[in-house]
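Visitor: Got a structure here, written out as structure tokens. Questions coming.
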Amino acid sequence: MKVADLFRRKPWDEPAPGVGEAGHAPALRRTLGALDLTLLGVGAIVGAGIFSSVGQMAAGGPDHPAAGPALILSFVITAVACGFSALCYAEIAALVPASGSAYTYAFVALGELPAWIIGWDLIIEYAVGNIYVAQSWADYFRSLLRGSLGVDFPAWMATDLQTAAHDRAIAAMAPHLSTPFGSLVIAFNLPAALIVGLLTVLLVIGVRESARFNAAMVTLKLLLVAAFVAVGAKFVQPANWHPFAPTGFRGVWAGASLAFFSYIGFDAVSTVAEETRNPQRDLPRGMIASLVICSVIYIVVAAVMTGLVPYKQLDTGDPLARALLAVGMPRAAALMSLGAVIAVTAVLLVFQLGQPRILFAMARDGLLPPAFARVHPRFRTPYLGTILTGVFVGLAPTFITQDQALELTSIGTLFAFIVVAIGVIVLRKREPERPRPFRCPGYPITPRLAILSCFGLMLGLPAANWWRFGIWLLVGLAIYAGYGHRRRRRMTTP
Ligand code: ALA
């Protein structure tokens, strides 16, 4: 293995490989515009973070201090950090409007090995992140069933093996886990598998159809968030905002790091570059607009939520509903469970959409098996990658706990954001003349601030995130040495 090979860069004007070759359909179908992209961004962003983890951010947890009402400030800090990154993404996505998002940008700017590392890392953001999101969906779905129909979905069909084994170990009897088959530990997350299965079918059928479904989900979730703000604002007690930052800056920073999860998603817009009619104009628009819209929503929701009840009461998985219940609005509270199911459905959809497109780009470059680069002859979607991602994300909640999935997601995404900002700086130096349809304002300060702020947020994450991430990268490097590097397509450096 020659060192120069590891840093061989992807040529700029290389025709999309596989196009027209046997076994490949012509190309993905270009049907999306700026509005579709903005809605896909909002679809991916507003989800489990604001409907659920936001409570623990405010109230604190075993491994992080409470942000308290200063959660509002945490959301502002993270919005600014993501803003720097979004501007970097916008520049590089318009410059390299190809499927694959940060993977492709790293290949063009830095070379094969960094690209592989980022491609592997993006699996954490998309597929592993969606394992967490699918489990959250199952939880909200069960509480919606309980709250609206009084039906209890059996716990043993909506859990994972590790949690089930743990529950049995600490309780001689774990009645909620007993099955019609006796005391067997049967743990499977059926709701998670079903929703992922349904979305996979939709995604195979078409990107246009998927974008329409997403638009409907986004409209509904925005209406429900607006309902929370409109109803909640009437009951805000400014006294609840004191003390504003109960654990000082430490709490605000930990809150900002955890809030990062809620912002993940604007970057997912870049994965549909090859399905966008005018990617150089619309990718920057979609990413920046979705981030701005969601930042405003988050800051307002955090202000209302922490104004409704003392922050310690928010230590729950459904803080928006809990806050409305506390002020005597049970109907509005029940609507929040519906809002969570709808919001999280869209998040699942967009990340299930993005992952196969990254695998598609990697397979097209020969770093992954060619099956991932197959395009369906009629639907013009990367169907095999979509189905494999669906099977992986649908079944993984049986083996991986929610915490384990969550602990990888934010750190992996922050790492990708850092590499994108580095890519912007490197390409400005290496290719200064190349026309840039979108130029990151404030260059070179903005990408540097993106790197610094993302690294700062990484430092604020609990330690378990770091070692899990290290192990993930080592496994990825082993696969690269054993498969990707040997099988990659021959390419010439530009
Ligand atoms: N931002 C997405 C969410 O909060 C991942 O669910």
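So you can find residues: chains in the structure tokens are A, B, ... in the order shown, residues in each start at 1, and ligands are numbered from 1 in order.
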Taking only C-alpha atoms and all ligand atoms and a cut-off of 6 Å, can you tell me which residues surround ligand 1, written as a PDB file with C-alpha atoms, in the first residue's frame?

Guide:
ATOM      1  CA  ALA A  44     -34.563  15.804   9.185  1.00  0.00           C
ATOM      2  CA  ILE A  45     -33.908  18.412  11.871  1.00  0.00           C
ATOM      3  CA  VAL A  46     -37.066  18.737  13.998  1.00  0.00           C
ATOM      4  CA  GLY A  47     -37.525  15.407  15.756  1.00  0.00           C
ATOM      5  CA  ALA A  48     -36.504  13.413  18.800  1.00  0.00           C
ATOM      6  CA  GLY A  49     -34.174  16.171  19.991  1.00  0.00           C
ATOM      7  CA  ILE A  50     -36.807  18.870  20.528  1.00  0.00           C
ATOM      8  CA  PHE A 261     -28.314  16.323  18.136  1.00  0.00           C
ATOM      9  CA  SER A 262     -31.466  18.400  17.599  1.00  0.00           C
ATOM     10  CA  TYR A 263     -29.772  20.366  14.820  1.00  0.00           C
ATOM     11  CA  ILE A 264     -28.406  17.421  12.875  1.00  0.00           C
ATOM     12  CA  GLY A 265     -30.116  17.131   9.522  1.00  0.00           C
ATOM     13  CA  VAL A 347     -36.487  12.395  10.541  1.00  0.00           C
TER      14      VAL A 347
END

Visitor: Run DSSP on the backbone and give me the residues of region 280-318 of chain A it puts in helix (DSSP H, G or I), as an MDAnalysis selection string.

Guide: chainID A and resid 280:308 311:314

Visitor: Tell me which protein, DNA and RNA residues are within 7 Å of Ala67 (chain A), counting only C-alpha atoms, leaving out same-chain ones fewer than 3 positions away, and put them as a VMD selection string.

Guide: chain A and resid 57 to 60 70 to 71 245 to 247 251 to 252 255

Visitor: Just to confirm, what's the straight-line distance from CA of Asp63 (chain A) to CA of Ser143 (chain A) in Å (one decimal)?

Guide: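 Spanning CA of Asp63 (chain A) to CA of Ser143 (chain A) is a straight-line distance of 26.3 Å.
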
Visitor: Any idea what the distance is between CA of Gln313 (chain A) and CA of Asp152 (chain A)?

Guide: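 For CA of Gln313 (chain A) relative to CA of Asp152 (chain A), the distance reads 25.1 Å.
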
Visitor: Smallest atom-to-atom distance to Arg142 (chain A): which of A:Pro191, A:Pro11, A:Gly33, A:Gly119, using only C-alpha atoms?

Guide: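 Smallest separation from Arg142 (chain A) among the options: A:Pro191.
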
Visitor: What is the CA of Thr38 (chain A) to CA of Ala289 (chain A) distance in Å?

Guide: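 Separating CA of Thr38 (chain A) from CA of Ala289 (chain A) is a distance of 6.1 Å.
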
Visitor: For Ile445 (chain A), please output as a list in words all residues within 12 Å (counting only C-alpha atoms; exclusion window: fewer than 3 positions along the same chain).

Guide: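 Counting only the stated atoms, we get Phe84, Ser85, Leu87, Cys88, Ala421, Ile422, Val424, Ile425, Cys440, Pro441, Gly442, Arg448, Leu449, Ala450, Ile451, Leu452 and Ser453 of chain A.
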
Visitor: Which residues are near Arg146 (chain A)? Cut-off 12 Å, only C-alpha atoms, ignore same chain within fewer than 6 positions. Put them as a PyMOL selection string.

Guide: chain A and resi 139-140+152-154+334+337-338

Visitor: Can I get the selection written as a PDB file, in the first residue's frame, with C-alpha atoms?

Guide:
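Wrote it out as out23.pdb, contents follow:
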ATOM      1  CA  ASP A 139     -41.650   4.805  22.339  1.00  0.00           C
ATOM      2  CA  TYR A 140     -43.794   7.710  21.125  1.00  0.00           C
ATOM      3  CA  ASP A 152     -50.747  -1.112  25.928  1.00  0.00           C
ATOM      4  CA  PHE A 153     -48.371  -2.398  23.285  1.00  0.00           C
ATOM      5  CA  PRO A 154     -46.507  -5.398  24.826  1.00  0.00           C
ATOM      6  CA  ALA A 334     -51.882  14.539  24.194  1.00  0.00           C
ATOM      7  CA  SER A 337     -47.365  12.640  21.469  1.00  0.00           C
ATOM      8  CA  LEU A 338     -48.915  12.782  18.014  1.00  0.00           C
TER       9      LEU A 338
END
